[in-house]
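One file, upload_31.tsv, is given below (TSV, C-alpha atoms).
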chain	number	residue	atom	x	y	z
A	1	MET	CA	51.63	19.94	40.86
A	2	VAL	CA	53.67	22.14	38.54
A	3	ASP	CA	51.62	24.65	36.50
A	4	LEU	CA	53.47	24.79	33.19
A	5	THR	CA	51.51	27.80	31.90
A	6	LYS	CA	53.32	29.96	34.46
A	7	TYR	CA	56.55	29.44	32.51
A	8	ALA	CA	55.28	30.92	29.23
A	9	ALA	CA	53.58	34.22	28.44
A	10	LYS	CA	52.01	32.66	25.33
A	11	GLY	CA	50.97	29.03	25.19
A	12	GLY	CA	50.27	26.54	22.42
A	13	CYS	CA	49.98	27.83	18.87
A	14	ALA	CA	49.50	31.35	20.26
A	15	CYS	CA	53.30	31.46	20.63
A	16	LYS	CA	53.86	31.29	16.87
A	17	ILE	CA	55.70	34.09	15.12
A	18	GLY	CA	53.09	36.23	13.37
A	19	PRO	CA	52.44	35.47	9.68
A	20	HIS	CA	53.24	39.06	8.64
A	21	ILE	CA	56.64	38.82	10.35
A	22	LEU	CA	57.43	35.45	8.77
A	23	GLU	CA	56.41	36.71	5.35
A	24	ASP	CA	58.98	39.51	5.55
A	25	VAL	CA	61.67	36.90	6.09
A	26	LEU	CA	60.56	34.17	3.69
A	27	GLN	CA	59.64	36.32	0.69
A	28	HIS	CA	63.34	37.00	0.05
A	29	MET	CA	64.43	33.36	0.41
A	30	LYS	CA	64.57	30.70	-2.27
A	31	MET	CA	64.01	27.23	-0.86
A	32	PRO	CA	66.17	24.39	-2.16
A	33	THR	CA	63.90	21.88	-3.90
A	34	HIS	CA	63.87	18.73	-6.03
A	35	PRO	CA	61.69	17.35	-8.85
A	36	ALA	CA	60.31	14.76	-6.42
A	37	VAL	CA	58.87	17.47	-4.15
A	38	LEU	CA	55.10	17.61	-4.68
A	39	THR	CA	54.21	20.15	-1.98
A	40	ASP	CA	56.26	22.44	0.23
A	41	ALA	CA	55.97	25.65	2.25
A	42	SER	CA	55.81	27.80	-0.87
A	43	GLY	CA	52.21	26.67	-1.39
A	44	MET	CA	51.21	27.32	2.23
A	45	GLU	CA	50.51	23.60	2.64
A	46	ASP	CA	50.28	21.90	6.01
A	47	ALA	CA	53.13	19.48	5.26
A	48	GLY	CA	55.70	18.69	2.61
A	49	VAL	CA	55.35	15.70	0.28
A	50	TYR	CA	58.27	13.94	-1.43
A	51	GLN	CA	57.43	11.30	-4.03
A	52	ILE	CA	59.24	7.95	-3.83
A	53	ASN	CA	57.49	6.10	-6.66
A	54	ASP	CA	54.20	6.11	-8.57
A	55	SER	CA	52.16	4.91	-5.59
A	56	GLN	CA	54.10	6.11	-2.57
A	57	ALA	CA	55.34	9.38	-1.13
A	58	ILE	CA	56.52	10.53	2.27
A	59	VAL	CA	54.81	13.44	3.98
A	60	GLN	CA	56.73	15.42	6.61
A	61	THR	CA	55.98	18.10	9.16
A	62	VAL	CA	57.36	19.60	12.35
A	63	ASP	CA	55.53	21.40	15.16
A	64	PHE	CA	56.36	22.46	18.70
A	65	PHE	CA	55.20	25.07	21.17
A	66	THR	CA	55.06	26.28	24.76
A	67	PRO	CA	52.51	24.86	27.25
A	68	PRO	CA	48.85	25.77	26.57
A	69	VAL	CA	47.75	23.74	29.62
A	70	ALA	CA	49.00	23.48	33.19
A	71	ASP	CA	49.23	19.68	33.46
A	72	PRO	CA	52.48	18.19	32.05
A	73	ARG	CA	50.92	14.96	30.80
A	74	LEU	CA	48.17	16.92	29.04
A	75	PHE	CA	50.80	19.21	27.51
A	76	GLY	CA	52.47	16.16	25.99
A	77	ARG	CA	49.18	14.82	24.68
A	78	VAL	CA	48.07	18.13	23.15
A	79	ALA	CA	51.47	18.71	21.53
A	80	ALA	CA	51.46	15.23	20.00
A	81	CYS	CA	47.92	15.63	18.65
A	82	ASN	CA	48.90	18.97	17.16
A	83	SER	CA	52.06	17.59	15.57
A	84	LEU	CA	50.28	14.66	13.91
A	85	SER	CA	47.47	16.88	12.64
A	86	ASP	CA	49.36	18.27	9.64
A	87	ILE	CA	49.88	14.73	8.31
A	88	TYR	CA	46.16	13.99	8.62
A	89	ALA	CA	45.33	17.32	6.96
A	90	MET	CA	47.16	16.13	3.83
A	91	GLY	CA	45.27	12.83	3.88
A	92	GLY	CA	48.37	10.93	4.99
A	93	THR	CA	49.12	8.32	7.64
A	94	PRO	CA	51.83	9.18	10.20
A	95	ILE	CA	54.31	6.35	10.79
A	96	SER	CA	57.16	7.78	12.89
A	97	ALA	CA	58.04	10.73	15.11
A	98	LEU	CA	61.02	12.46	16.70
A	99	ASN	CA	60.60	14.44	19.91
A	100	ILE	CA	61.72	18.08	20.12
A	101	VAL	CA	62.43	19.22	23.68
A	102	GLY	CA	63.55	22.46	25.27
A	103	PHE	CA	63.22	22.38	29.07
A	104	PRO	CA	64.56	23.90	32.28
A	105	VAL	CA	66.87	21.37	33.92
A	106	SER	CA	65.08	21.91	37.24
A	107	LEU	CA	61.81	20.63	35.76
A	108	VAL	CA	63.60	17.69	34.14
A	109	LYS	CA	65.00	16.68	37.55
A	110	GLU	CA	61.53	16.96	39.09
A	111	GLY	CA	60.19	14.43	36.61
A	112	VAL	CA	58.03	16.93	34.72
A	113	LEU	CA	59.58	16.16	31.34
A	114	ARG	CA	58.95	12.46	31.88
A	115	GLU	CA	55.25	13.20	32.35
A	116	VAL	CA	55.18	15.29	29.17
A	117	LEU	CA	56.78	12.46	27.20
A	118	GLU	CA	54.38	9.90	28.67
A	119	GLY	CA	51.42	12.05	27.62
A	120	ALA	CA	52.79	12.24	24.09
A	121	ASN	CA	53.44	8.49	24.03
A	122	GLU	CA	49.75	7.86	24.77
A	123	VAL	CA	48.89	9.52	21.46
A	124	LEU	CA	51.57	7.64	19.52
A	125	LEU	CA	50.36	4.32	20.92
A	126	GLU	CA	46.77	5.17	20.01
A	127	THR	CA	47.74	6.00	16.42
A	128	GLY	CA	50.37	3.30	15.84
A	129	VAL	CA	53.17	5.83	15.31
A	130	ALA	CA	56.71	4.73	16.22
A	131	LEU	CA	58.92	7.03	18.29
A	132	LEU	CA	62.44	6.93	16.84
A	133	GLY	CA	64.17	9.32	19.25
A	134	GLY	CA	64.53	13.07	19.44
A	135	HIS	CA	66.67	16.00	20.50
A	136	SER	CA	66.71	18.12	23.64
A	137	ILE	CA	68.22	21.40	24.78
A	138	GLU	CA	68.20	23.28	28.07
A	139	ASN	CA	65.74	26.16	27.85
A	140	GLU	CA	64.16	28.51	30.38
A	141	VAL	CA	60.72	28.22	28.78
A	142	PRO	CA	59.40	24.66	28.30
A	143	ILE	CA	58.82	23.71	24.67
A	144	PHE	CA	57.76	20.38	23.25
A	145	GLY	CA	56.65	18.99	19.92
A	146	MET	CA	57.51	16.52	17.21
A	147	ALA	CA	58.90	16.08	13.72
A	148	VAL	CA	56.58	13.58	12.06
A	149	THR	CA	56.94	11.43	8.95
A	150	GLY	CA	54.00	9.80	7.20
A	151	LEU	CA	53.07	7.93	4.05
A	152	ILE	CA	50.66	9.03	1.35
A	153	ASP	CA	49.57	7.99	-2.12
A	154	PRO	CA	50.80	10.84	-4.38
A	155	ARG	CA	47.61	10.45	-6.45
A	156	HIS	CA	45.41	11.19	-3.46
A	157	ILE	CA	46.95	14.16	-1.66
A	158	TRP	CA	44.61	16.64	0.01
A	159	THR	CA	45.97	20.10	-0.69
A	160	ASN	CA	44.60	23.47	0.39
A	161	GLY	CA	44.57	24.72	-3.20
A	162	ASP	CA	41.87	22.72	-4.95
A	163	ALA	CA	38.68	24.05	-3.35
A	164	GLN	CA	36.03	24.65	-6.00
A	165	VAL	CA	33.33	27.29	-6.30
A	166	GLY	CA	30.16	25.84	-4.82
A	167	ASP	CA	31.97	23.62	-2.33
A	168	VAL	CA	30.79	23.61	1.26
A	169	LEU	CA	33.22	23.91	4.17
A	170	ILE	CA	33.00	21.34	6.97
A	171	LEU	CA	34.90	21.96	10.23
A	172	SER	CA	35.52	18.99	12.53
A	173	LYS	CA	36.13	20.80	15.85
A	174	PRO	CA	34.80	23.92	17.63
A	175	ILE	CA	36.69	27.22	17.68
A	176	GLY	CA	37.97	29.10	20.73
A	177	THR	CA	41.00	27.35	22.25
A	178	GLY	CA	43.04	30.56	22.49
A	179	ILE	CA	40.21	32.37	24.26
A	180	MET	CA	39.55	29.46	26.62
A	181	ASN	CA	43.25	29.05	27.43
A	182	THR	CA	43.26	32.74	28.39
A	183	ALA	CA	40.16	32.18	30.52
A	184	ALA	CA	41.86	29.25	32.23
A	185	LYS	CA	44.68	31.50	33.42
A	186	GLY	CA	42.05	33.71	35.06
A	187	GLY	CA	40.25	30.75	36.62
A	188	VAL	CA	36.96	31.51	34.86
A	189	PHE	CA	34.55	29.67	32.53
A	190	PRO	CA	35.57	26.17	33.67
A	191	GLU	CA	33.05	24.36	31.44
A	192	GLY	CA	34.35	25.94	28.26
A	193	VAL	CA	37.95	25.50	29.41
A	194	GLN	CA	37.40	21.78	29.94
A	195	GLU	CA	35.77	21.45	26.53
A	196	ALA	CA	38.74	23.19	24.92
A	197	VAL	CA	41.25	20.98	26.75
A	198	HIS	CA	39.37	17.87	25.63
A	199	SER	CA	39.29	19.12	22.04
A	200	MET	CA	43.01	19.94	21.98
A	201	GLY	CA	43.75	16.42	23.22
A	202	THR	CA	41.55	14.79	20.57
A	203	ILE	CA	43.43	13.25	17.64
A	204	ASN	CA	42.32	14.29	14.14
A	205	LYS	CA	42.72	10.72	12.89
A	206	GLY	CA	39.00	10.04	13.37
A	207	ALA	CA	38.00	12.98	11.20
A	208	ARG	CA	40.59	12.02	8.56
A	209	ASP	CA	39.38	8.41	8.49
A	210	VAL	CA	35.77	9.48	7.92
A	211	ALA	CA	36.68	12.05	5.26
A	212	ALA	CA	38.84	9.53	3.38
A	213	GLN	CA	35.61	7.84	2.30
A	214	PHE	CA	34.55	10.97	0.40
A	215	ILE	CA	35.80	13.12	-2.47
A	216	ILE	CA	37.69	15.93	-0.72
A	217	HIS	CA	38.68	18.88	-2.91
A	218	GLY	CA	40.69	20.72	-0.27
A	219	CYS	CA	41.74	20.35	3.35
A	220	THR	CA	43.69	22.20	6.02
A	221	ASP	CA	43.83	22.17	9.79
A	222	ILE	CA	42.97	25.23	11.84
A	223	THR	CA	45.84	26.21	14.13
A	224	GLY	CA	47.79	29.28	15.21
A	225	PHE	CA	47.01	31.60	12.32
A	226	SER	CA	43.30	31.39	13.20
A	227	LEU	CA	40.19	30.37	11.30
A	228	ILE	CA	40.51	33.46	9.09
A	229	GLY	CA	44.18	32.82	8.42
A	230	HIS	CA	43.85	29.21	7.34
A	231	VAL	CA	40.63	29.74	5.39
A	232	SER	CA	42.19	32.68	3.54
A	233	GLU	CA	45.20	30.51	2.67
A	234	MET	CA	42.84	27.93	1.15
A	235	ALA	CA	40.94	30.61	-0.77
A	236	LYS	CA	44.11	32.26	-2.07
A	237	ALA	CA	45.67	28.96	-3.13
A	238	SER	CA	42.43	27.91	-4.85
A	239	GLY	CA	41.83	31.22	-6.66
A	240	THR	CA	38.50	31.69	-4.90
A	241	SER	CA	36.90	33.51	-1.99
A	242	VAL	CA	35.02	32.01	0.95
A	243	GLU	CA	31.85	32.92	2.85
A	244	LEU	CA	31.79	32.01	6.54
A	245	TYR	CA	28.51	32.01	8.46
A	246	ALA	CA	29.19	33.21	12.00
A	247	GLU	CA	26.18	31.57	13.62
A	248	GLN	CA	27.13	28.18	12.16
A	249	ILE	CA	30.70	28.20	13.52
A	250	PRO	CA	30.82	25.74	16.46
A	251	LEU	CA	32.16	27.33	19.66
A	252	PHE	CA	33.08	26.02	23.07
A	253	THR	CA	30.73	26.99	25.88
A	254	ASP	CA	31.08	30.67	26.91
A	255	VAL	CA	33.51	31.61	24.13
A	256	LEU	CA	31.28	34.53	23.13
A	257	GLU	CA	31.07	35.82	26.70
A	258	ALA	CA	34.79	35.33	27.38
A	259	ALA	CA	35.74	37.16	24.19
A	260	SER	CA	33.31	39.97	25.05
A	261	MET	CA	35.18	40.37	28.36
A	262	GLY	CA	38.47	40.76	26.50
A	263	LEU	CA	39.87	37.32	27.38
A	264	VAL	CA	41.74	36.98	24.11
A	265	PRO	CA	45.41	36.10	23.60
A	266	ALA	CA	47.82	38.70	22.27
A	267	SER	CA	48.29	36.66	19.09
A	268	THR	CA	44.69	37.45	18.14
A	269	TYR	CA	45.75	41.05	17.54
A	270	GLY	CA	48.82	39.87	15.64
A	271	ASN	CA	46.65	37.70	13.39
A	272	ARG	CA	44.26	40.58	12.79
A	273	LYS	CA	47.13	42.93	11.95
A	274	ALA	CA	48.59	40.43	9.51
A	275	LEU	CA	45.39	39.13	7.95
A	276	GLY	CA	42.73	41.78	8.57
A	277	ASP	CA	42.81	43.14	5.03
A	278	GLN	CA	41.95	39.68	3.71
A	279	ALA	CA	38.63	39.48	5.55
A	280	GLU	CA	35.40	41.47	5.65
A	281	PHE	CA	32.86	41.18	8.46
A	282	ALA	CA	29.18	41.98	7.85
A	283	ASP	CA	28.03	45.21	9.54
A	284	HIS	CA	25.34	43.44	11.57
A	285	LEU	CA	27.85	41.16	13.35
A	286	ASP	CA	28.98	41.95	16.89
A	287	PRO	CA	32.66	43.05	16.78
A	288	VAL	CA	33.45	40.15	19.12
A	289	TRP	CA	33.29	37.85	16.09
A	290	SER	CA	36.50	39.38	14.85
A	291	ASP	CA	38.27	38.24	18.03
A	292	ILE	CA	36.80	34.76	17.66
A	293	CYS	CA	37.69	34.37	13.99
A	294	PHE	CA	41.26	35.64	14.52
A	295	ASP	CA	41.73	33.53	17.69
A	296	PRO	CA	44.84	31.30	17.42
A	297	GLN	CA	43.81	27.65	17.66
A	298	THR	CA	45.89	24.90	19.24
A	299	SER	CA	45.34	21.38	17.89
A	300	GLY	CA	42.30	22.63	16.02
A	301	GLY	CA	40.03	20.71	13.69
A	302	LEU	CA	40.29	19.74	10.04
A	303	LEU	CA	38.52	21.94	7.50
A	304	PHE	CA	37.23	20.09	4.44
A	305	ALA	CA	36.07	21.57	1.13
A	306	CYS	CA	33.82	19.25	-0.85
A	307	SER	CA	30.70	19.28	-2.99
A	308	GLU	CA	27.39	20.00	-1.30
A	309	SER	CA	26.14	16.45	-1.79
A	310	GLU	CA	29.33	14.92	-0.38
A	311	GLY	CA	29.38	17.47	2.43
A	312	LYS	CA	25.92	16.58	3.70
A	313	GLN	CA	26.85	12.93	4.17
A	314	LEU	CA	30.35	13.77	5.46
A	315	LEU	CA	28.89	16.03	8.14
A	316	SER	CA	26.40	13.37	9.16
A	317	GLU	CA	29.09	10.72	9.55
A	318	LEU	CA	31.48	13.02	11.44
A	319	GLN	CA	28.70	13.84	13.90
A	320	ALA	CA	27.82	10.14	14.19
A	321	LYS	CA	31.42	9.61	15.36
A	322	GLY	CA	30.77	12.06	18.20
A	323	LEU	CA	32.63	14.99	16.64
A	324	GLN	CA	31.21	18.52	17.00
A	325	ALA	CA	31.49	19.07	13.27
A	326	ALA	CA	29.56	21.75	11.41
A	327	GLN	CA	29.13	23.25	7.96
A	328	ILE	CA	30.52	26.74	8.44
A	329	GLY	CA	30.71	28.23	4.97
A	330	ARG	CA	30.89	27.96	1.22
A	331	VAL	CA	33.46	28.56	-1.52
A	332	ILE	CA	32.47	31.40	-3.87
A	333	GLN	CA	33.88	33.23	-6.87
A	334	GLU	CA	37.00	35.27	-6.08
A	335	GLY	CA	36.11	38.74	-4.86
A	336	ARG	CA	37.82	41.76	-3.32
A	337	LYS	CA	38.52	39.83	-0.14
A	338	GLN	CA	39.57	36.26	0.53
A	339	VAL	CA	37.02	35.75	3.33
A	340	TYR	CA	33.57	37.25	3.94
A	341	VAL	CA	32.11	36.61	7.41
A	342	LYS	CA	28.32	36.95	7.45
What is this structure when it is put down as structure tokens?
Amino acid sequence: MVDLTKYAAKGGCACKIGPHILEDVLQHMKMPTHPAVLTDASGMEDAGVYQINDSQAIVQTVDFFTPPVADPRLFGRVAACNSLSDIYAMGGTPISALNIVGFPVSLVKEGVLREVLEGANEVLLETGVALLGGHSIENEVPIFGMAVTGLIDPRHIWTNGDAQVGDVLILSKPIGTGIMNTAAKGGVFPEGVQEAVHSMGTINKGARDVAAQFIIHGCTDITGFSLIGHVSEMAKASGTSVELYAEQIPLFTDVLEAASMGLVPASTYGNRKALGDQAEFADHLDPVWSDICFDPQTSGGLLFACSESEGKQLLSELQAKGLQAAQIGRVIQEGRKQVYVK
């Protein structure tokens, strides 16, 4: 079987361009917009929303990356889950997708691309999303992902900018996919690796469906810019700070040990360089927690900000659905830093 990870130095969301590099480019650009645009990239939102009428808007996103897993069918599944996630993070319902493909012709002829597409189709069939087509180019490094369109009620959009002081933070999936993907390349920590692969291939629809029954003040998904990166975006957009409690953050098996051995992707250091001044770690914490909190996540969980009373019941129902959800922090008054890890 072809091992797709051998074709890419960085896999999954770890291949993203660093946020500090992107910021240098985007801060000098003015994005074309329209009065119907309700959210766009200027607010660091997960997806863009364009209002059609009083009760309906379209929500759009695009995501693609290099292989985080060796198996082609799994690559397709993980990429599809990751692409749909931004729609769910806004509270929307994905309805259609377009494939984005860059592949070596040799792998296409071997049938590898077909397996990737079949893996992605499994996710679309499970979620009722129609595949409308796509676009492909010849590329030495395999890349795959989707542009996704969804529907949302413009009166009920989950943004990352409405978290309120006193809210609790509920995370629907464990942290550590970047570390476990690095461990997989070394053939170590198979239990944690398998847990991470299962998590990356789990659709966030279940978490969205449960949360839709509650009053959600803010939501984002945790992907390539790390737990710190996405939490700090929420805090900045909301005009608050956030406390994270290290011992309450759910981790895959052996993430602590793997990180202690230095099995961290290069993007971890890029995230820390870009975002390190936004976070403060308590002196008593092992330095390994910095690697974990800056670890780039692929197809990570949804992070919900809601009142403490809502959060208690939300957490209970997420766990009842079999999700490894946890309350990992709290929204506090804005301080010197965006995020305080304790």
Give me the residues within 8 Å of region 147-162 of chain A as a PyMOL selection string, counting only C-alpha atoms and dropping any in the same chain fewer than 5 places off. chain A and resi 44-45+51+54-63+83-84+87+89-100+216-220+233-239
Those residues you just picked out, can you put them in a file as a PDB file, in the frame of the given file with C-alpha atoms?
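Final output, saved to again-v8.pdb:
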ATOM      1  CA  MET A  44      51.210  27.320   2.230  1.00  0.00           C
ATOM      2  CA  GLU A  45      50.510  23.600   2.640  1.00  0.00           C
ATOM      3  CA  GLN A  51      57.430  11.300  -4.030  1.00  0.00           C
ATOM      4  CA  ASP A  54      54.200   6.110  -8.570  1.00  0.00           C
ATOM      5  CA  SER A  55      52.160   4.910  -5.590  1.00  0.00           C
ATOM      6  CA  GLN A  56      54.100   6.110  -2.570  1.00  0.00           C
ATOM      7  CA  ALA A  57      55.340   9.380  -1.130  1.00  0.00           C
ATOM      8  CA  ILE A  58      56.520  10.530   2.270  1.00  0.00           C
ATOM      9  CA  VAL A  59      54.810  13.440   3.980  1.00  0.00           C
ATOM     10  CA  GLN A  60      56.730  15.420   6.610  1.00  0.00           C
ATOM     11  CA  THR A  61      55.980  18.100   9.160  1.00  0.00           C
ATOM     12  CA  VAL A  62      57.360  19.600  12.350  1.00  0.00           C
ATOM     13  CA  ASP A  63      55.530  21.400  15.160  1.00  0.00           C
ATOM     14  CA  SER A  83      52.060  17.590  15.570  1.00  0.00           C
ATOM     15  CA  LEU A  84      50.280  14.660  13.910  1.00  0.00           C
ATOM     16  CA  ILE A  87      49.880  14.730   8.310  1.00  0.00           C
ATOM     17  CA  ALA A  89      45.330  17.320   6.960  1.00  0.00           C
ATOM     18  CA  MET A  90      47.160  16.130   3.830  1.00  0.00           C
ATOM     19  CA  GLY A  91      45.270  12.830   3.880  1.00  0.00           C
ATOM     20  CA  GLY A  92      48.370  10.930   4.990  1.00  0.00           C
ATOM     21  CA  THR A  93      49.120   8.320   7.640  1.00  0.00           C
ATOM     22  CA  PRO A  94      51.830   9.180  10.200  1.00  0.00           C
ATOM     23  CA  ILE A  95      54.310   6.350  10.790  1.00  0.00           C
ATOM     24  CA  SER A  96      57.160   7.780  12.890  1.00  0.00           C
ATOM     25  CA  ALA A  97      58.040  10.730  15.110  1.00  0.00           C
ATOM     26  CA  LEU A  98      61.020  12.460  16.700  1.00  0.00           C
ATOM     27  CA  ASN A  99      60.600  14.440  19.910  1.00  0.00           C
ATOM     28  CA  ILE A 100      61.720  18.080  20.120  1.00  0.00           C
ATOM     29  CA  ILE A 216      37.690  15.930  -0.720  1.00  0.00           C
ATOM     30  CA  HIS A 217      38.680  18.880  -2.910  1.00  0.00           C
ATOM     31  CA  GLY A 218      40.690  20.720  -0.270  1.00  0.00           C
ATOM     32  CA  CYS A 219      41.740  20.350   3.350  1.00  0.00           C
ATOM     33  CA  THR A 220      43.690  22.200   6.020  1.00  0.00           C
ATOM     34  CA  GLU A 233      45.200  30.510   2.670  1.00  0.00           C
ATOM     35  CA  MET A 234      42.840  27.930   1.150  1.00  0.00           C
ATOM     36  CA  ALA A 235      40.940  30.610  -0.770  1.00  0.00           C
ATOM     37  CA  LYS A 236      44.110  32.260  -2.070  1.00  0.00           C
ATOM     38  CA  ALA A 237      45.670  28.960  -3.130  1.00  0.00           C
ATOM     39  CA  SER A 238      42.430  27.910  -4.850  1.00  0.00           C
ATOM     40  CA  GLY A 239      41.830  31.220  -6.660  1.00  0.00           C
TER      41      GLY A 239
END
Taking (29.4, 9.1, 11.0) in the file's coordinates, which residues come within 12 Å, counting only C-alpha atoms, written as a CSV table (one decimal) with C-alpha atoms, in the frame of the given file?
chain,number,residue,atom,x,y,z
A,172,SER,CA,35.5,19.0,12.5
A,206,GLY,CA,39.0,10.0,13.4
A,207,ALA,CA,38.0,13.0,11.2
A,208,ARG,CA,40.6,12.0,8.6
A,209,ASP,CA,39.4,8.4,8.5
A,210,VAL,CA,35.8,9.5,7.9
A,211,ALA,CA,36.7,12.0,5.3
A,213,GLN,CA,35.6,7.8,2.3
A,214,PHE,CA,34.6,11.0,0.4
A,311,GLY,CA,29.4,17.5,2.4
A,312,LYS,CA,25.9,16.6,3.7
A,313,GLN,CA,26.8,12.9,4.2
A,314,LEU,CA,30.4,13.8,5.5
A,315,LEU,CA,28.9,16.0,8.1
A,316,SER,CA,26.4,13.4,9.2
A,317,GLU,CA,29.1,10.7,9.6
A,318,LEU,CA,31.5,13.0,11.4
A,319,GLN,CA,28.7,13.8,13.9
A,320,ALA,CA,27.8,10.1,14.2
A,321,LYS,CA,31.4,9.6,15.4
A,322,GLY,CA,30.8,12.1,18.2
A,323,LEU,CA,32.6,15.0,16.6
A,324,GLN,CA,31.2,18.5,17.0
A,325,ALA,CA,31.5,19.1,13.3
Skipping near chain neighbours, those fewer than 4 positions away, what residues fall within 12 Å of Gly166 (chain A) using all atoms listed in the file, listed as a PyMOL selection string? chain A and resi 217+240-243+305-311+329-334
Include C-alpha atoms and write out the residues we just selected as a compact mmCIF listing (two decimals), in the frame of the given file.
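The result, stored in part.txt:
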# COMPACT_ATOMS: atom_id res chain seq x y z
CA HIS A 217 38.68 18.88 -2.91
CA THR A 240 38.50 31.69 -4.90
CA SER A 241 36.90 33.51 -1.99
CA VAL A 242 35.02 32.01 0.95
CA GLU A 243 31.85 32.92 2.85
CA ALA A 305 36.07 21.57 1.13
CA CYS A 306 33.82 19.25 -0.85
CA SER A 307 30.70 19.28 -2.99
CA GLU A 308 27.39 20.00 -1.30
CA SER A 309 26.14 16.45 -1.79
CA GLU A 310 29.33 14.92 -0.38
CA GLY A 311 29.38 17.47 2.43
CA GLY A 329 30.71 28.23 4.97
CA ARG A 330 30.89 27.96 1.22
CA VAL A 331 33.46 28.56 -1.52
CA ILE A 332 32.47 31.40 -3.87
CA GLN A 333 33.88 33.23 -6.87
CA GLU A 334 37.00 35.27 -6.08
Nearest to Phe144 (chain A), chosen from A:Glu115, A:Asp46, A:Glu195, A:Asp254, with all atoms listed in the file counted in the distances: A:Glu115
Up to 8 Å from (57.6, 28.8, 1.9) in the file's coordinates: name the residues, counting all atoms listed in the file, as number ranges by chain. A: 26-27, 31, 40-44
Who sits within 12 Å of region 335-342 of chain A, all atoms listed in the file, same chain under 6 positions skipped, as a PyMOL selection string: chain A and resi 165+227-249+275-287+289-290+292-294+328-329
Shell of 9 Å around region 6-13 of chain A, all atoms listed in the file, local chain residues under 5 positions omitted, as a ChimeraX atom specification: /A:64-70,75,78-79,140-142,178,181,185,223-225,265-267,296-299
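The shortest atom-to-atom distance to Gly301 (chain A), with only C-alpha atoms taken into account, belongs to A:Pro174 out of A:Gly201, A:Gly270, A:Pro174, A:Pro19.
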Here CA of Phe252 (chain A) and CA of Ala183 (chain A) stand apart by 12.0 Å
Quote the spacing between CA of Phe189 (chain A) and CA of Leu171 (chain A) in Å to one decimal place. 23.6 Å
A:Ala274, A:Leu124, A:Val2, A:Met180: which is nearest Gly18 (chain A), counting only C-alpha atoms?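 Residue with the minimum atom-to-atom distance to Gly18 (chain A): A:Ala274.
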Contacts of Gly102 (chain A) at 6 Å or less, counting all atoms listed in the file, minus same-chain residues fewer than 3 places along, as a list in words?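 Surrounding residues, per the criterion: Ser136, Ile137, Glu138, Asn139, Pro142 and Ile143 of chain A.
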In Å, how far is it from CA of Gly134 (chain A) to CA of Val108 (chain A)? 15.4 Å
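Closest to Ile215 (chain A) among A:Val264, A:Ile203, A:Phe304, A:His198 is A:Phe304, based on all atoms listed in the file.
Nearest to Lys173 (chain A) of all the residues A:Tyr88, A:Gly48, A:Val105, A:Leu251 is A:Leu251, based on all atoms listed in the file.
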Go through A:Gly262, A:Pro35, A:Gly145, A:Gly133 one by one, measure the shortest atom-to-atom distance of each to Phe103 (chain A) using all atoms listed in the file, and give the residue with the smallest value. A:Gly145
